[in-house]
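Below: one structure, written as structure tokens.
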Amino acid sequence: MRGNRMNRFPPLPPGEGPRVREINSRFCRFGPSFQPLSQRERGFNTGQNQPFPARGGGYAGWLIVLALALPSSYAREDTPKLPPHHHLVEIKIPETMEVNPLLPLKTGRKLECPVCHGIEDIDEKDFDKVDKQDPRFLRGGPYPDLQAFCFNCHDEEKHQRPNIHAMLDEQGEIIEDHCTYCHQEKPDRDKAQSLQEIKLRAPVDTLCWGCHLKTPHLNAAEHQVEPSDKVKEQRKRFLETHPEVILPLTEDGKVTCITCHTPHPPGVLDDKLPAAHQATSGKVDEGPVYEDSPWAATIAADKRERLEALARKYGRPFPFRYRQIQRETLLRLPAKDGQLCRACHAFDE
Ligand code: HEC
Ligand code: HEC
Ligand code: HEC
Ligand code: HEC
Ligand code: HEC
Ligand code: HEC
């Protein structure tokens, strides 16, 4: 692998499954193995062809998780036959709900098909033949990001879930509630501690999974293995010459999420601690920022075989668009210039 290719480390296309913010942390916390359904399995498309959904978006799946758990009193007998997991219909829209005037309320505040769909007589059509690409399919569409449609009625604010990695309030004080998502109790902030001492709620190799996927981006899965001797040697050499950094492995010596990522933003741990060392070009509450790359097509071609293999494995396509990292967050070392990668890989041999 050549030096100029080192920063190719783009997230997996979201088709891999729902992203973290689509799952309500209050529900999943550390439920032993929350198995998020893919949007497709739920029959919803939340703009999968959008490789990196905009920040603050992506909550549709989460709403849908709620929808699946709706009490049966919602299932009214006179509800027409609808596609599985479809939004509820034929109910009264509460006065408290502000509906975007884009969606016509022609029969008082009853939630009927034409409120959302602009295709005439959609209820009389063969559902399989309804053209979802038709801009009239959802009024005001097309919506590359489905939740933008949901927020025509649902209050966006209320459905935001906190980024628990944003651990400091406006005064710069730590938000203790956030610590206990992962630690049984808030650890002492200015002392390096062993994994036993910091009392994590789950083993490090599964700690992140309830909220994130095991494969949140391309390459994450391949990395969760015990390093080859070559990589072991490289990592050891790097850490010996860089005592200011940690790249922790699991108890059984495998690479895991926190090998590359720090869970804490700057300012939580004492600066002197190697665990506090991180790339700080981005803001934790904004997440990493990417930009379009002129190499996108070349790189997509490069990855075609792998993406096709994934598609066969999961029985659905994996759209992919490479974008270059611009600003990084929660990384122990910058990746955009290859520093993180070089800690374990010797690219130019
Ligand atoms: C609250 C808004 C809303 C109402 C009211 C509504 N729908 Fe939908 N409908 C949606 C959304 C959202 C989707 C999913 C869009 C997607 O997956 O991209 C959808 C999907 C569909 C689809 C396509 C399903 C598929 O996956 O192929 C059909 C057909 C459909 N609706 C029919 C109806 C009919 C018939 C009614 C009235 C009985 C109705 N809808 C009322 C919001 C609504
Ligand atoms: C035309 C307005 C409208 C649109 C657009 C709309 N909804 Fe709803 N939705 C409602 C109404 C009305 C209810 C029932 C009243 C309530 O629960 O507040 C509801 C209830 C729900 C519920 C039940 C849980 C709850 O909060 O009460 C879920 C989940 C939900 N919607 C998800 C979605 C998703 C996902 C989308 C986008 C794909 C969407 N809605 C788009 C009007 C809308
Ligand atoms: C998303 C999970 C998560 C959250 C939330 C979290 N931590 Fe941690 N914390 C970890 C993990 C994993 C480690 C071990 C790896 C490391 O040190 O980076 C750790 C290590 C630590 C350490 C030991 C550092 C060292 O040098 O050994 C301290 C101190 C700490 N956390 C404090 C906090 C405080 C204070 C909060 C709340 C503001 C918090 N953590 C929130 C996951 C988390
Ligand atoms: C309780 C839920 C929860 C847990 C546990 C959790 N995260 Fe997150 N994480 C989030 C949320 C929410 C975001 C905000 C972005 C989003 O919604 O996709 C986020 C974002 C991130 C980001 C993107 C950078 C950013 O600034 O937004 C990284 C990297 C990350 N988490 C790593 C981890 C790692 C590593 C662990 C395990 C040590 C972990 N997370 C555990 C909820 C969680
Ligand atoms: C070999 C290093 C490495 C490993 C292992 C790794 N990541 Fe990442 N991750 C990255 C890089 C590089 C980025 C992109 C730049 C950034 O985060 O600023 C990234 C990005 C992310 C993002 C942000 C995606 C976005 O665009 O919003 C999340 C969330 C994330 N990783 C979670 C995880 C989780 C969870 C694991 C473990 C299952 C994991 N990562 C394993 C290196 C790694
Ligand atoms: C903590 C060490 C570590 C870091 C940091 C790291 N890797 Fe890796 N990487 C591994 C291990 C372990 C493997 C599995 C193969 C092995 O052990 O030789 C691997 C494998 C790979 C592979 C090849 C997979 C294959 O099938 O041959 C690529 C590509 C790769 N890493 C790229 C990167 C990039 C890009 C970065 C920086 C964003 C990075 N790695 C950071 C440890 C690391």
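If you're wondering about the labels, chains in the structure tokens are A, B, ... by order shown, residues count from 1 in each chain, ligands from 1 in order shown.
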Subject >> Protein and nucleic residues near ligand 1, 9 Å, only C-alpha atoms and all ligand atoms, as a PyMOL selection string >> reply: chain A and resi 39-40+42-47+79-91+110-117+121-133+137-138+143-147+149-150+153
Residues of chain A at most 7 Å from ligand 4: nearest atom pair and distance in Å, only C-alpha atoms and all ligand atoms, as a Markdown table:
```
| residue | atom | partner | partner_atom_place_in_ligand_line | distance |
| --- | --- | --- | --- | --- |
| A:Arg19 | CA | ligand 4 | 18 (O) | 5.9 |
| A:Val20 | CA | ligand 4 | 18 (O) | 4.8 |
| A:Arg21 | CA | ligand 4 | 17 (O) | 3.7 |
| A:Ser25 | CA | ligand 4 | 1 (C) | 5.1 |
| A:Arg29 | CA | ligand 4 | 1 (C) | 5.8 |
| A:Arg161 | CA | ligand 4 | 12 (C) | 6.1 |
| A:Pro162 | CA | ligand 4 | 12 (C) | 5.5 |
| A:Asn163 | CA | ligand 4 | 12 (C) | 3.8 |
| A:Ile164 | CA | ligand 4 | 42 (C) | 5.4 |
| A:His165 | CA | ligand 4 | 9 (N) | 6.1 |
| A:Tyr181 | CA | ligand 4 | 1 (C) | 5.6 |
| A:Cys182 | CA | ligand 4 | 5 (C) | 6.2 |
| A:Val204 | CA | ligand 4 | 38 (C) | 6.7 |
| A:Leu207 | CA | ligand 4 | 37 (C) | 5.2 |
| A:Cys208 | CA | ligand 4 | 37 (C) | 3.5 |
| A:Trp209 | CA | ligand 4 | 5 (C) | 6.9 |
| A:Gly210 | CA | ligand 4 | 5 (C) | 6.3 |
| A:Cys211 | CA | ligand 4 | 2 (C) | 4.4 |
| A:His212 | CA | ligand 4 | 7 (N) | 6.2 |
| A:Cys257 | CA | ligand 4 | 35 (C) | 4.7 |
| A:Ile258 | CA | ligand 4 | 35 (C) | 4.8 |
| A:His261 | CA | ligand 4 | 35 (C) | 5.0 |
| A:Thr262 | CA | ligand 4 | 35 (C) | 6.0 |
| A:Pro263 | CA | ligand 4 | 38 (C) | 5.0 |
| A:Lys283 | CA | ligand 4 | 26 (O) | 6.3 |
| A:Val284 | CA | ligand 4 | 26 (O) | 3.5 |
| A:Asp285 | CA | ligand 4 | 26 (O) | 5.3 |
| A:Glu286 | CA | ligand 4 | 26 (O) | 5.8 |
| A:Gly287 | CA | ligand 4 | 26 (O) | 3.4 |
| A:Pro288 | CA | ligand 4 | 24 (C) | 5.8 |
| A:Thr329 | CA | ligand 4 | 26 (O) | 5.0 |
| A:Leu330 | CA | ligand 4 | 29 (C) | 5.2 |
| A:Leu331 | CA | ligand 4 | 29 (C) | 6.8 |
```
Original post:
Do you have the CA of Pro101 in chain A-atom 25 (C, counted along the ligand's line) of ligand 2 distance handy?
Top reply: 20.5 Å
Non-local contacts of range 194-200 of chain A (12 Å; only C-alpha atoms; under 6 positions in same chain excluded) as a PDB file with C-alpha atoms, in the first residue's frame:
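This is the output file result_26.pdb:
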```
ATOM      1  CA  PHE A  30     -26.348  -2.495  27.403  1.00  0.00           C
ATOM      2  CA  CYS A 179     -19.813   8.879  32.346  1.00  0.00           C
ATOM      3  CA  THR A 180     -22.163   6.229  33.626  1.00  0.00           C
ATOM      4  CA  TYR A 181     -23.202   5.126  30.166  1.00  0.00           C
ATOM      5  CA  CYS A 182     -19.909   3.268  30.187  1.00  0.00           C
ATOM      6  CA  HIS A 183     -18.484   3.377  33.723  1.00  0.00           C
ATOM      7  CA  GLN A 184     -20.332   2.007  36.726  1.00  0.00           C
ATOM      8  CA  GLU A 185     -19.239   5.144  38.537  1.00  0.00           C
ATOM      9  CA  LYS A 186     -17.360   8.237  37.462  1.00  0.00           C
ATOM     10  CA  PRO A 187     -13.618   7.450  37.612  1.00  0.00           C
ATOM     11  CA  ASP A 188     -10.979   9.750  39.020  1.00  0.00           C
ATOM     12  CA  THR A 206     -18.501  -5.034  23.159  1.00  0.00           C
ATOM     13  CA  LEU A 207     -18.857  -1.752  25.048  1.00  0.00           C
ATOM     14  CA  CYS A 208     -19.560   0.286  21.946  1.00  0.00           C
ATOM     15  CA  PRO A 248      -5.148  -0.413  23.846  1.00  0.00           C
ATOM     16  CA  LEU A 249      -6.093  -3.944  22.799  1.00  0.00           C
ATOM     17  CA  THR A 250      -8.736  -6.215  24.324  1.00  0.00           C
ATOM     18  CA  GLU A 251      -7.777  -8.576  27.126  1.00  0.00           C
ATOM     19  CA  ILE A 258     -10.925   1.968  21.452  1.00  0.00           C
ATOM     20  CA  ALA A 275      -5.345   8.151  27.296  1.00  0.00           C
TER      21      ALA A 275
END
```
Original post:
Running DSSP on the backbone, which parts of range 107-235 of chain A land in alpha helix (DSSP H), as a ChimeraX atom specification?
Top reply: /A:113-116,146-150,156-159,176-179,204-207,220-223,229-235
Original post:
Of the residues A:Val225, A:Ala301, A:Leu273, A:Met97, which is the one nearest to ligand 2, using only C-alpha atoms and all ligand atoms?
Top reply: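 Result for the nearest residue to ligand 2: A:Met97.
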Original post:
If you count only C-alpha atoms and all ligand atoms, which residues end up within 9 Å of ligand 6, as JSON, numbers by chain?
Top reply: {"A": [1, 5, 6, 7, 8, 9, 10, 219, 220, 222, 223, 224, 225, 226, 227, 228, 229, 230, 231, 232, 234, 235, 247, 248, 249, 254, 255, 256, 259, 260, 332, 333, 334, 335, 336, 338, 339, 340, 341, 342, 343, 344, 345]}
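Nearest-residue note for ligand 3: choosing from A:Arg237, A:His217, A:Arg201, A:Arg323, the minimum distance belongs to A:Arg201, counting only C-alpha atoms and all ligand atoms.
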**OP:** Can you pull out every residue within 12 Å of Arg189 in chain A, counting only C-alpha atoms, but drop anything in the same chain fewer than 5 positions away, and send it as JSON, numbers by chain?
**Re:** {"A": [174, 176, 179, 198, 264, 267, 268, 269, 270, 271, 272, 273, 275, 276]}
**OP:** Could you give me, as JSON, numbers by chain, each residue of range 202-318 of chain A that DSSP assigns to strand (DSSP E or B) when run on this structure's backbone?
**Re:** {"A": [261, 279, 289, 290, 291, 292]}
Original post:
What is the distance, in Å and to one decimal place, between CA of Arg327 in chain A and CA of Lys191 in chain A?
Top reply: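 Between these atoms lies a distance of 28.7 Å.
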Subject >> Within 10 Å of Val99 in chain A using only C-alpha atoms, minus same-chain residues under 2 positions, as a ChimeraX atom specification >> reply: /A:93-97,101-105,109,115,151-155
